[in-house]
$ cat structure_6.pdb   # PDB, C-alpha atoms
ATOM      1  CA  MET O   1      -9.291 -30.642 -20.873
ATOM      2  CA  GLU O   2     -10.329 -31.359 -17.299
ATOM      3  CA  HIS O   3     -10.789 -28.233 -15.225
ATOM      4  CA  ILE O   4      -8.741 -28.377 -12.020
ATOM      5  CA  GLN O   5     -10.250 -26.693  -9.000
ATOM      6  CA  PRO O   6      -7.896 -24.258  -7.282
ATOM      7  CA  PRO O   7      -6.910 -25.106  -3.697
ATOM      8  CA  LYS O   8      -9.248 -23.783  -1.053
ATOM      9  CA  ILE O   9      -8.070 -21.339   1.626
ATOM     10  CA  SER O  10      -8.882 -21.414   5.321
ATOM     11  CA  ALA O  11      -8.330 -18.059   7.039
ATOM     12  CA  THR O  12      -7.517 -18.264  10.751
ATOM     13  CA  VAL O  13      -7.681 -15.463  13.324
ATOM     14  CA  ILE O  14      -7.103 -15.525  17.080
ATOM     15  CA  THR O  15      -9.037 -13.007  19.205
ATOM     16  CA  TRP O  16      -9.557 -11.608  22.652
ATOM     17  CA  ASN O  17     -11.797  -8.539  23.097
ATOM     18  CA  GLU O  18     -11.410  -7.311  19.516
ATOM     19  CA  ALA O  19     -14.956  -6.037  18.848
ATOM     20  CA  ASP O  20     -13.602  -2.705  17.619
ATOM     21  CA  ARG O  21     -11.209  -4.273  15.084
ATOM     22  CA  ILE O  22     -12.476  -7.703  14.076
ATOM     23  CA  GLY O  23     -14.935  -6.411  11.446
ATOM     24  CA  GLU O  24     -12.303  -4.908   9.157
ATOM     25  CA  CYS O  25     -10.087  -7.962   9.512
ATOM     26  CA  LEU O  26     -12.821 -10.434   8.558
ATOM     27  CA  ALA O  27     -14.159  -8.252   5.741
ATOM     28  CA  SER O  28     -10.760  -8.407   4.046
ATOM     29  CA  LEU O  29     -10.868 -12.221   4.261
ATOM     30  CA  ALA O  30     -14.293 -12.573   2.652
ATOM     31  CA  PHE O  31     -12.851 -14.266  -0.473
ATOM     32  CA  CYS O  32     -11.499 -17.189   1.597
ATOM     33  CA  ASP O  33     -13.356 -20.501   1.564
ATOM     34  CA  GLU O  34     -13.752 -20.485   5.346
ATOM     35  CA  ILE O  35     -12.778 -18.322   8.303
ATOM     36  CA  VAL O  36     -11.887 -19.898  11.647
ATOM     37  CA  VAL O  37     -11.776 -17.631  14.702
ATOM     38  CA  VAL O  38     -10.272 -18.975  17.923
ATOM     39  CA  ASP O  39     -11.317 -16.778  20.822
ATOM     40  CA  SER O  40      -9.671 -16.697  24.249
ATOM     41  CA  GLY O  41     -12.835 -15.851  26.196
ATOM     42  CA  SER O  42     -13.765 -12.340  25.057
ATOM     43  CA  THR O  43     -16.100 -10.351  27.304
ATOM     44  CA  ASP O  44     -17.167  -7.968  24.538
ATOM     45  CA  ALA O  45     -19.042  -8.705  21.295
ATOM     46  CA  THR O  46     -16.075 -10.233  19.432
ATOM     47  CA  ARG O  47     -17.576 -13.692  19.050
ATOM     48  CA  GLU O  48     -21.007 -12.431  18.040
ATOM     49  CA  LEU O  49     -19.524 -10.128  15.403
ATOM     50  CA  ALA O  50     -17.318 -12.907  14.047
ATOM     51  CA  GLU O  51     -20.258 -15.289  13.761
ATOM     52  CA  ALA O  52     -22.335 -12.603  12.054
ATOM     53  CA  ALA O  53     -19.526 -12.214   9.512
ATOM     54  CA  GLY O  54     -19.741 -15.926   8.702
ATOM     55  CA  ALA O  55     -16.773 -17.172  10.725
ATOM     56  CA  ARG O  56     -16.705 -20.484  12.566
ATOM     57  CA  VAL O  57     -15.918 -19.457  16.145
ATOM     58  CA  LEU O  58     -14.147 -21.739  18.634
ATOM     59  CA  VAL O  59     -13.276 -20.909  22.246
ATOM     60  CA  ARG O  60     -10.001 -22.036  23.786
ATOM     61  CA  PRO O  61      -8.163 -20.797  26.893
ATOM     62  CA  PHE O  62      -5.087 -18.795  25.924
ATOM     63  CA  ASP O  63      -1.759 -20.557  26.504
ATOM     64  CA  GLY O  64       0.490 -18.564  24.200
ATOM     65  CA  PHE O  65       0.304 -16.789  20.840
ATOM     66  CA  ARG O  66       2.062 -19.554  18.909
ATOM     67  CA  SER O  67       0.023 -22.344  20.481
ATOM     68  CA  GLN O  68      -3.249 -20.514  19.899
ATOM     69  CA  LYS O  69      -2.437 -19.883  16.244
ATOM     70  CA  GLN O  70      -1.326 -23.457  15.634
ATOM     71  CA  TYR O  71      -4.524 -24.738  17.245
ATOM     72  CA  ALA O  72      -6.499 -22.611  14.783
ATOM     73  CA  VAL O  73      -4.492 -24.100  11.907
ATOM     74  CA  GLU O  74      -5.305 -27.609  13.105
ATOM     75  CA  GLN O  75      -9.046 -26.873  13.222
ATOM     76  CA  ALA O  76      -9.178 -25.639   9.625
ATOM     77  CA  ARG O  77     -10.909 -27.692   6.943
ATOM     78  CA  HIS O  78      -8.427 -26.855   4.167
ATOM     79  CA  ASP O  79      -4.653 -27.226   3.901
ATOM     80  CA  TRP O  80      -3.816 -23.748   2.625
ATOM     81  CA  ILE O  81      -3.873 -21.401   5.613
ATOM     82  CA  LEU O  82      -4.016 -17.601   5.645
ATOM     83  CA  SER O  83      -3.264 -16.575   9.243
ATOM     84  CA  LEU O  84      -3.989 -13.030  10.461
ATOM     85  CA  ASP O  85      -4.204 -11.272  13.794
ATOM     86  CA  ALA O  86      -7.411  -9.424  14.631
ATOM     87  CA  ASP O  87      -5.647  -6.055  14.264
ATOM     88  CA  GLU O  88      -4.569  -6.883  10.698
ATOM     89  CA  SER O  89      -6.311  -6.789   7.327
ATOM     90  CA  LEU O  90      -5.353  -7.266   3.685
ATOM     91  CA  ASP O  91      -5.125  -4.255   1.426
ATOM     92  CA  PRO O  92      -6.835  -4.721  -1.978
ATOM     93  CA  ARG O  93      -3.565  -5.289  -3.823
ATOM     94  CA  LEU O  94      -2.495  -8.052  -1.444
ATOM     95  CA  ALA O  95      -5.932  -9.696  -1.543
ATOM     96  CA  GLU O  96      -5.769  -9.814  -5.347
ATOM     97  CA  SER O  97      -2.196 -11.160  -5.252
ATOM     98  CA  ILE O  98      -3.333 -14.021  -3.036
ATOM     99  CA  ARG O  99      -6.341 -14.770  -5.234
ATOM    100  CA  ALA O 100      -4.129 -14.800  -8.329
ATOM    101  CA  GLU O 101      -1.782 -17.330  -6.706
ATOM    102  CA  GLN O 102      -4.777 -19.410  -5.664
ATOM    103  CA  ARG O 103      -6.020 -19.506  -9.260
ATOM    104  CA  ARG O 104      -2.555 -20.751 -10.268
ATOM    105  CA  GLY O 105      -2.801 -23.515  -7.677
ATOM    106  CA  PHE O 106      -0.064 -22.049  -5.435
ATOM    107  CA  ALA O 107       2.342 -23.672  -7.889
ATOM    108  CA  GLY O 108       5.919 -24.082  -6.750
ATOM    109  CA  ALA O 109       5.609 -22.544  -3.271
ATOM    110  CA  ALA O 110       5.130 -23.902   0.228
ATOM    111  CA  GLY O 111       4.385 -20.472   1.641
ATOM    112  CA  TYR O 112       4.052 -16.770   0.895
ATOM    113  CA  ARG O 113       5.261 -13.709   2.744
ATOM    114  CA  PHE O 114       4.236 -10.086   2.362
ATOM    115  CA  ALA O 115       5.081  -6.701   3.811
ATOM    116  CA  ARG O 116       3.261  -5.475   6.901
ATOM    117  CA  SER O 117       2.560  -1.758   7.224
ATOM    118  CA  SER O 118       1.725  -0.502  10.723
ATOM    119  CA  GLU O 119      -0.518   2.483  11.401
ATOM    120  CA  TYR O 120       0.954   4.669  14.118
ATOM    121  CA  PHE O 121      -0.930   7.728  15.352
ATOM    122  CA  GLY O 122      -2.385   8.805  12.033
ATOM    123  CA  ARG O 123       0.311   7.591   9.653
ATOM    124  CA  TYR O 124       1.294   4.268   8.119
ATOM    125  CA  LEU O 125       4.993   3.880   8.837
ATOM    126  CA  ARG O 126       6.972   3.196   5.660
ATOM    127  CA  HIS O 127      10.542   3.189   6.966
ATOM    128  CA  GLY O 128      12.687   2.174   9.923
ATOM    129  CA  ASN O 129      12.265  -1.076  11.828
ATOM    130  CA  ALA O 130       8.517  -0.945  11.152
ATOM    131  CA  TYR O 131       8.562  -1.527   7.369
ATOM    132  CA  PRO O 132       8.553  -3.692   5.318
ATOM    133  CA  ASP O 133       8.450  -6.115   8.298
ATOM    134  CA  ARG O 134       7.669  -9.070   5.992
ATOM    135  CA  LYS O 135       5.588 -11.888   7.475
ATOM    136  CA  LEU O 136       4.985 -15.429   6.255
ATOM    137  CA  ARG O 137       1.229 -15.788   6.759
ATOM    138  CA  LEU O 138       0.002 -17.899   3.826
ATOM    139  CA  PHE O 139       1.225 -21.484   3.814
ATOM    140  CA  ASP O 140       0.498 -25.152   3.150
ATOM    141  CA  ARG O 141       0.021 -26.688   6.598
ATOM    142  CA  ARG O 142       1.230 -30.037   5.270
ATOM    143  CA  ARG O 143       4.652 -28.435   4.927
ATOM    144  CA  GLY O 144       4.705 -26.000   7.826
ATOM    145  CA  GLY O 145       2.906 -23.980  10.444
ATOM    146  CA  TRP O 146       3.444 -22.172  13.732
ATOM    147  CA  ARG O 147       6.294 -24.374  14.893
ATOM    148  CA  GLY O 148       8.830 -24.224  17.694
ATOM    149  CA  GLU O 149       8.497 -23.239  21.327
ATOM    150  CA  ARG O 150       8.597 -19.444  21.194
ATOM    151  CA  GLU O 151       5.188 -18.107  22.221
ATOM    152  CA  ILE O 152       5.969 -14.386  21.794
ATOM    153  CA  HIS O 153       7.057 -12.829  18.482
ATOM    154  CA  GLU O 154       6.155 -16.189  17.025
ATOM    155  CA  THR O 155       6.824 -16.998  13.380
ATOM    156  CA  ALA O 156       5.383 -19.443  10.872
ATOM    157  CA  THR O 157       7.879 -21.564   8.945
ATOM    158  CA  VAL O 158       7.618 -23.998   6.037
ATOM    159  CA  ASP O 159       9.716 -26.696   4.404
ATOM    160  CA  GLY O 160      10.035 -25.456   0.850
ATOM    161  CA  GLU O 161      10.155 -22.315  -1.242
ATOM    162  CA  VAL O 162       8.737 -19.054   0.132
ATOM    163  CA  VAL O 163       7.541 -16.403  -2.352
ATOM    164  CA  THR O 164       7.034 -12.705  -1.614
ATOM    165  CA  LEU O 165       3.729 -11.239  -2.834
ATOM    166  CA  PRO O 166       3.007  -7.577  -3.687
ATOM    167  CA  GLY O 167       0.632  -5.654  -1.462
ATOM    168  CA  ASP O 168       0.532  -4.847   2.242
ATOM    169  CA  LEU O 169      -0.820  -6.450   5.351
ATOM    170  CA  LEU O 170      -2.338  -3.461   7.139
ATOM    171  CA  HIS O 171      -1.606  -3.466  10.862
ATOM    172  CA  ARG O 172      -3.300  -1.333  13.520
ATOM    173  CA  PRO O 173      -1.501  -2.527  16.641
ATOM    174  CA  PHE O 174      -2.338   0.183  19.176
ATOM    175  CA  ARG O 175      -5.621   1.729  20.244
ATOM    176  CA  SER O 176      -3.800   4.455  22.179
ATOM    177  CA  PHE O 177      -0.396   5.342  23.577
ATOM    178  CA  ASP O 178      -1.370   3.757  26.896
ATOM    179  CA  HIS O 179      -2.272   0.578  24.993
ATOM    180  CA  GLN O 180       1.172   0.556  23.388
ATOM    181  CA  LEU O 181       2.893   0.967  26.754
ATOM    182  CA  ALA O 182       0.808  -1.834  28.275
ATOM    183  CA  LYS O 183       1.578  -4.173  25.362
ATOM    184  CA  GLY O 184       5.256  -3.286  25.642
ATOM    185  CA  MET O 185       5.219  -4.253  29.317
ATOM    186  CA  GLN O 186       3.496  -7.554  28.544
ATOM    187  CA  TYR O 187       5.736  -8.415  25.594
ATOM    188  CA  SER O 188       8.954  -7.525  27.419
ATOM    189  CA  ARG O 189       7.924  -9.834  30.257
ATOM    190  CA  MET O 190       7.089 -12.723  27.924
ATOM    191  CA  MET O 191      10.329 -12.275  25.963
ATOM    192  CA  ALA O 192      12.358 -12.126  29.189
ATOM    193  CA  GLU O 193      10.703 -15.285  30.504
ATOM    194  CA  HIS O 194      11.396 -17.053  27.208
ATOM    195  CA  ALA O 195      15.074 -16.021  27.360
ATOM    196  CA  HIS O 196      15.378 -16.933  31.046
ATOM    197  CA  ALA O 197      13.922 -20.406  30.457
ATOM    198  CA  ARG O 198      16.660 -21.005  27.873
ATOM    199  CA  GLY O 199      19.487 -19.955  30.130
ATOM    200  CA  LYS O 200      20.169 -16.532  28.647
ATOM    201  CA  ARG O 201      21.408 -13.816  30.993
ATOM    202  CA  ALA O 202      21.192 -10.046  31.146
ATOM    203  CA  SER O 203      24.360  -7.984  30.849
ATOM    204  CA  LEU O 204      25.381  -4.372  31.179
ATOM    205  CA  GLY O 205      26.126  -4.259  27.473
ATOM    206  CA  LYS O 206      22.649  -5.493  26.569
ATOM    207  CA  LEU O 207      21.085  -2.957  28.914
ATOM    208  CA  LEU O 208      23.058   0.066  27.692
ATOM    209  CA  LEU O 209      23.994  -0.722  24.095
ATOM    210  CA  GLY O 210      21.150  -2.943  22.884
ATOM    211  CA  PRO O 211      18.374  -0.317  23.009
ATOM    212  CA  ALA O 212      20.702   2.390  21.684
ATOM    213  CA  TRP O 213      21.635   0.238  18.699
ATOM    214  CA  ARG O 214      17.971  -0.628  18.039
ATOM    215  CA  PHE O 215      17.078   3.077  17.991
ATOM    216  CA  PHE O 216      20.041   4.063  15.794
ATOM    217  CA  ARG O 217      19.482   1.205  13.331
ATOM    218  CA  GLY O 218      15.783   1.929  12.927
ATOM    219  CA  TYR O 219      15.709   5.709  13.094
ATOM    220  CA  VAL O 220      18.931   6.543  11.269
ATOM    221  CA  LEU O 221      20.195   3.620   9.189
ATOM    222  CA  ARG O 222      16.769   2.434   8.043
ATOM    223  CA  GLY O 223      15.341   5.910   7.584
ATOM    224  CA  GLY O 224      12.779   6.000  10.390
ATOM    225  CA  PHE O 225      13.264   9.788  10.519
ATOM    226  CA  LEU O 226      11.444   9.980   7.170
ATOM    227  CA  ASP O 227       8.206   9.113   8.985
ATOM    228  CA  GLY O 228       8.337  12.348  10.988
ATOM    229  CA  TRP O 229       7.184  12.511  14.594
ATOM    230  CA  PRO O 230       5.430   9.116  14.459
ATOM    231  CA  GLY O 231       8.690   7.559  13.269
ATOM    232  CA  LEU O 232      10.641   9.177  16.092
ATOM    233  CA  VAL O 233       8.191   8.147  18.806
ATOM    234  CA  TYR O 234       7.960   4.606  17.434
ATOM    235  CA  ALA O 235      11.752   4.190  17.387
ATOM    236  CA  TYR O 236      12.108   5.580  20.915
ATOM    237  CA  VAL O 237       9.328   3.545  22.521
ATOM    238  CA  THR O 238      10.314   0.245  20.891
ATOM    239  CA  ALA O 239      13.911   0.806  22.025
ATOM    240  CA  TRP O 240      12.578   1.313  25.547
ATOM    241  CA  THR O 241      10.705  -1.995  25.312
ATOM    242  CA  ALA O 242      13.991  -3.705  24.470
ATOM    243  CA  ARG O 243      15.494  -2.141  27.610
ATOM    244  CA  GLN O 244      12.565  -3.404  29.691
ATOM    245  CA  LYS O 245      13.208  -6.924  28.466
ATOM    246  CA  THR O 246      16.806  -6.818  29.735
ATOM    247  CA  VAL O 247      15.756  -5.383  33.097
ATOM    248  CA  ARG O 248      13.137  -8.106  33.536
ATOM    249  CA  LEU O 249      15.649 -10.789  32.563
ATOM    250  CA  TRP O 250      18.027  -9.465  35.231
ATOM    251  CA  LEU O 251      15.218  -9.591  37.813
ATOM    252  CA  LEU O 252      14.342 -13.152  36.861
ATOM    253  CA  GLN O 253      17.893 -14.470  36.919
ATOM    254  CA  ASN O 254      18.413 -13.001  40.393
ATOM    255  CA  GLY O 255      15.121 -14.279  41.794
ATOM    256  CA  LEU O 256      13.793 -10.751  42.311
ATOM    257  CA  GLU O 257      10.639 -11.280  40.256
ATOM    258  CA  PRO O 258       8.796 -14.575  39.685
ATOM    259  CA  PRO O 259       7.531 -15.601  36.237
ATOM    260  CA  ARG O 260       3.934 -14.460  35.771
ATOM    261  CA  GLY O 261       2.785 -16.855  33.031
ATOM    262  CA  LYS O 262       1.017 -16.114  29.765
ATOM    263  CA  SER O 263      -1.597 -13.538  28.861
ATOM    264  CA  ALA O 264      -3.772 -12.982  25.818
ATOM    265  CA  ASP O 265      -3.483  -9.188  25.677
TER
END

$ encode --input "structure_6.pdb" --output "structure tokens"
Amino acid sequence: MEHIQPPKISATVITWNEADRIGECLASLAFCDEIVVVDSGSTDATRELAEAAGARVLVRPFDGFRSQKQYAVEQARHDWILSLDADESLDPRLAESIRAEQRRGFAGAAGYRFARSSEYFGRYLRHGNAYPDRKLRLFDRRRGGWRGEREIHETATVDGEVVTLPGDLLHRPFRSFDHQLAKGMQYSRMMAEHAHARGKRASLGKLLLGPAWRFFRGYVLRGGFLDGWPGLVYAYVTAWTARQKTVRLWLLQNGLEPPRGKSAD
């Protein structure tokens, strides 16, 4: 019987000043057939570390998270894409799940999703809005990719069946509390600009009730309180980010603050 070679995997990662986190990410992708890193002009050692780890490094000015990720997909040599952020890595169980599916030829699926577990001040959150936070990150680019126009909170989609794999995508999103607050400011601005460009408007209900519902849903209904203090702080701060988005949308729709464009961090 003729032996059929399993499909090859191209891992893609976008970066900007990730020297402190890129090593763990790339180490978890070592089983992939190639690693493509698209850098937005780092001023630290990100590119050098990625090259030392065996990645093919490309430099491209940042014009949005979705666009940068799709560009990386298009530069890959193989059709099966495993797309991670630099602050993410595969846990051993997830890595083995992916390798097992690869050995089976990714039969019957156009893409695979898996749970993402975020580290938050010393604890991996396992409840609330933070978990399981499933992401579709492994897909056949002939049937999908980073599509659409949304550049913030972007999602990959495929035409065909999506299978959920066991294991976790480990996520270390914040270097410090100040880093979280800064990212929240940036993300709320980008989300508000996206909404404003599509004609959405801020309202008193969204300002008062939206954040309250987000907190209650995550902390109470989804059990965020089971994660202790980290769960409480996470629920509170992410609800505040939702409030910032509505405030910024109100400023934009009234001409009180101009759009500021896109940023890589």

$ atom_distance --input "structure_6.pdb" --atom1 "atom CA of O:Leu221" --atom2 "atom CA of O:Glu151"
29.4 Å

$ resolve_selection --input "structure_6.pdb" --expression "the PyMOL selection byres ((chain O and resi 190-205) around 12)" --output "ChimeraX atom specification"
/O:63-65,149-154,183-189,206-213,241-255,257-265

$ residues_around --input "structure_6.pdb" --residues "O:Asp140" --least-positions-apart "6" --cutoff "10 Å" --atoms "all atoms listed in the file" --output "list in words"
Ile9, His78, Asp79, Trp80, Ile81, Leu82, Phe106, Ala109, Ala110, Gly111, Tyr112, Val158, Asp159 and Gly160 of chain O

$ atom_distance --input "structure_6.pdb" --atom1 "atom CA of O:Asp85" --atom2 "atom CA of O:Leu226"
27.2 Å

$ atom_distance --input "structure_6.pdb" --atom1 "atom CA of O:Gln5" --atom2 "atom CA of O:Arg147"
29.2 Å

$ axis_aligned_box --input "structure_6.pdb" --around "stretch 217-233 of chain O" --padding-each-side "5 Å" --output "AutoDock Vina command-line options"
--center_x 12.8 --center_y 6.9 --center_z 13.0 --size_x 24.8 --size_y 21.3 --size_z 21.6

$ residues_near_point --input "structure_6.pdb" --point "(0.8, 2.2, 16.4)" --cutoff "7 Å" --atoms "only C-alpha atoms" --output "PyMOL selection string"
chain O and resi 118-121+172-174

$ residues_near_point --input "structure_6.pdb" --point "(-1.8, -18.2, 6.3)" --cutoff "12 Å" --atoms "all atoms listed in the file" --output "ChimeraX atom specification"
/O:8-13,29,32,35-36,69-70,72-73,76,78-85,90,98,110-114,135-141,144-146,155-158,169

$ build_atoms --input "structure_6.pdb" --residues "stretch 165-198 of chain O" --atoms "N, CA and C atoms" --output "PDB file, in the coordinates of the input"
ATOM      1  N   LEU O 165       4.830 -11.772  -2.024  1.00  0.00           N
ATOM      2  CA  LEU O 165       3.729 -11.239  -2.834  1.00  0.00           C
ATOM      3  C   LEU O 165       3.658  -9.718  -2.713  1.00  0.00           C
ATOM      4  N   PRO O 166       3.222  -9.033  -3.776  1.00  0.00           N
ATOM      5  CA  PRO O 166       3.007  -7.577  -3.687  1.00  0.00           C
ATOM      6  C   PRO O 166       1.757  -7.261  -2.886  1.00  0.00           C
ATOM      7  N   GLY O 167       1.740  -6.069  -2.301  1.00  0.00           N
ATOM      8  CA  GLY O 167       0.632  -5.654  -1.462  1.00  0.00           C
ATOM      9  C   GLY O 167       1.038  -5.630  -0.007  1.00  0.00           C
ATOM     10  N   ASP O 168       0.208  -5.014   0.821  1.00  0.00           N
ATOM     11  CA  ASP O 168       0.532  -4.847   2.242  1.00  0.00           C
ATOM     12  C   ASP O 168      -0.500  -5.499   3.145  1.00  0.00           C
ATOM     13  N   LEU O 169       0.011  -6.038   4.231  1.00  0.00           N
ATOM     14  CA  LEU O 169      -0.820  -6.450   5.351  1.00  0.00           C
ATOM     15  C   LEU O 169      -0.935  -5.233   6.266  1.00  0.00           C
ATOM     16  N   LEU O 170      -2.132  -4.677   6.356  1.00  0.00           N
ATOM     17  CA  LEU O 170      -2.338  -3.461   7.139  1.00  0.00           C
ATOM     18  C   LEU O 170      -2.479  -3.810   8.609  1.00  0.00           C
ATOM     19  N   HIS O 171      -1.715  -3.120   9.443  1.00  0.00           N
ATOM     20  CA  HIS O 171      -1.606  -3.466  10.862  1.00  0.00           C
ATOM     21  C   HIS O 171      -1.957  -2.238  11.704  1.00  0.00           C
ATOM     22  N   ARG O 172      -2.924  -2.406  12.601  1.00  0.00           N
ATOM     23  CA  ARG O 172      -3.300  -1.333  13.520  1.00  0.00           C
ATOM     24  C   ARG O 172      -3.088  -1.832  14.951  1.00  0.00           C
ATOM     25  N   PRO O 173      -1.841  -1.820  15.408  1.00  0.00           N
ATOM     26  CA  PRO O 173      -1.501  -2.527  16.641  1.00  0.00           C
ATOM     27  C   PRO O 173      -1.925  -1.847  17.933  1.00  0.00           C
ATOM     28  N   PHE O 174      -2.111  -0.519  17.925  1.00  0.00           N
ATOM     29  CA  PHE O 174      -2.338   0.183  19.176  1.00  0.00           C
ATOM     30  C   PHE O 174      -3.599   1.038  19.117  1.00  0.00           C
ATOM     31  N   ARG O 175      -4.413   0.907  20.140  1.00  0.00           N
ATOM     32  CA  ARG O 175      -5.621   1.729  20.244  1.00  0.00           C
ATOM     33  C   ARG O 175      -5.299   3.114  20.800  1.00  0.00           C
ATOM     34  N   SER O 176      -4.216   3.200  21.549  1.00  0.00           N
ATOM     35  CA  SER O 176      -3.800   4.455  22.179  1.00  0.00           C
ATOM     36  C   SER O 176      -2.355   4.310  22.617  1.00  0.00           C
ATOM     37  N   PHE O 177      -1.765   5.407  23.077  1.00  0.00           N
ATOM     38  CA  PHE O 177      -0.396   5.342  23.577  1.00  0.00           C
ATOM     39  C   PHE O 177      -0.330   4.475  24.831  1.00  0.00           C
ATOM     40  N   ASP O 178      -1.330   4.594  25.700  1.00  0.00           N
ATOM     41  CA  ASP O 178      -1.370   3.757  26.896  1.00  0.00           C
ATOM     42  C   ASP O 178      -1.431   2.281  26.522  1.00  0.00           C
ATOM     43  N   HIS O 179      -2.192   1.964  25.465  1.00  0.00           N
ATOM     44  CA  HIS O 179      -2.272   0.578  24.993  1.00  0.00           C
ATOM     45  C   HIS O 179      -0.906   0.099  24.530  1.00  0.00           C
ATOM     46  N   GLN O 180      -0.168   0.945  23.817  1.00  0.00           N
ATOM     47  CA  GLN O 180       1.172   0.556  23.388  1.00  0.00           C
ATOM     48  C   GLN O 180       2.078   0.281  24.581  1.00  0.00           C
ATOM     49  N   LEU O 181       2.037   1.153  25.580  1.00  0.00           N
ATOM     50  CA  LEU O 181       2.893   0.967  26.754  1.00  0.00           C
ATOM     51  C   LEU O 181       2.539  -0.326  27.487  1.00  0.00           C
ATOM     52  N   ALA O 182       1.239  -0.612  27.594  1.00  0.00           N
ATOM     53  CA  ALA O 182       0.808  -1.834  28.275  1.00  0.00           C
ATOM     54  C   ALA O 182       1.261  -3.076  27.504  1.00  0.00           C
ATOM     55  N   LYS O 183       1.126  -3.046  26.171  1.00  0.00           N
ATOM     56  CA  LYS O 183       1.578  -4.173  25.362  1.00  0.00           C
ATOM     57  C   LYS O 183       3.091  -4.331  25.457  1.00  0.00           C
ATOM     58  N   GLY O 184       3.806  -3.217  25.500  1.00  0.00           N
ATOM     59  CA  GLY O 184       5.256  -3.286  25.642  1.00  0.00           C
ATOM     60  C   GLY O 184       5.660  -3.946  26.948  1.00  0.00           C
ATOM     61  N   MET O 185       4.948  -3.633  28.020  1.00  0.00           N
ATOM     62  CA  MET O 185       5.219  -4.253  29.317  1.00  0.00           C
ATOM     63  C   MET O 185       4.968  -5.760  29.242  1.00  0.00           C
ATOM     64  N   GLN O 186       3.846  -6.142  28.653  1.00  0.00           N
ATOM     65  CA  GLN O 186       3.496  -7.554  28.544  1.00  0.00           C
ATOM     66  C   GLN O 186       4.506  -8.301  27.681  1.00  0.00           C
ATOM     67  N   TYR O 187       4.835  -7.736  26.513  1.00  0.00           N
ATOM     68  CA  TYR O 187       5.736  -8.415  25.594  1.00  0.00           C
ATOM     69  C   TYR O 187       7.153  -8.516  26.157  1.00  0.00           C
ATOM     70  N   SER O 188       7.617  -7.470  26.837  1.00  0.00           N
ATOM     71  CA  SER O 188       8.954  -7.525  27.419  1.00  0.00           C
ATOM     72  C   SER O 188       9.030  -8.611  28.487  1.00  0.00           C
ATOM     73  N   ARG O 189       7.954  -8.779  29.244  1.00  0.00           N
ATOM     74  CA  ARG O 189       7.924  -9.834  30.257  1.00  0.00           C
ATOM     75  C   ARG O 189       7.966 -11.214  29.608  1.00  0.00           C
ATOM     76  N   MET O 190       7.120 -11.417  28.573  1.00  0.00           N
ATOM     77  CA  MET O 190       7.089 -12.723  27.924  1.00  0.00           C
ATOM     78  C   MET O 190       8.416 -13.041  27.242  1.00  0.00           C
ATOM     79  N   MET O 191       9.044 -12.048  26.613  1.00  0.00           N
ATOM     80  CA  MET O 191      10.329 -12.275  25.963  1.00  0.00           C
ATOM     81  C   MET O 191      11.415 -12.578  26.993  1.00  0.00           C
ATOM     82  N   ALA O 192      11.376 -11.875  28.142  1.00  0.00           N
ATOM     83  CA  ALA O 192      12.358 -12.126  29.189  1.00  0.00           C
ATOM     84  C   ALA O 192      12.189 -13.527  29.770  1.00  0.00           C
ATOM     85  N   GLU O 193      10.949 -13.952  29.968  1.00  0.00           N
ATOM     86  CA  GLU O 193      10.703 -15.285  30.504  1.00  0.00           C
ATOM     87  C   GLU O 193      11.153 -16.359  29.518  1.00  0.00           C
ATOM     88  N   HIS O 194      10.933 -16.113  28.234  1.00  0.00           N
ATOM     89  CA  HIS O 194      11.396 -17.053  27.208  1.00  0.00           C
ATOM     90  C   HIS O 194      12.923 -17.154  27.241  1.00  0.00           C
ATOM     91  N   ALA O 195      13.612 -16.022  27.321  1.00  0.00           N
ATOM     92  CA  ALA O 195      15.074 -16.021  27.360  1.00  0.00           C
ATOM     93  C   ALA O 195      15.596 -16.682  28.632  1.00  0.00           C
ATOM     94  N   HIS O 196      14.948 -16.372  29.764  1.00  0.00           N
ATOM     95  CA  HIS O 196      15.378 -16.933  31.046  1.00  0.00           C
ATOM     96  C   HIS O 196      15.241 -18.451  31.050  1.00  0.00           C
ATOM     97  N   ALA O 197      14.151 -18.962  30.492  1.00  0.00           N
ATOM     98  CA  ALA O 197      13.922 -20.406  30.457  1.00  0.00           C
ATOM     99  C   ALA O 197      14.975 -21.130  29.628  1.00  0.00           C
ATOM    100  N   ARG O 198      15.633 -20.412  28.739  1.00  0.00           N
ATOM    101  CA  ARG O 198      16.660 -21.005  27.873  1.00  0.00           C
ATOM    102  C   ARG O 198      18.070 -20.665  28.326  1.00  0.00           C
TER     103      ARG O 198
END
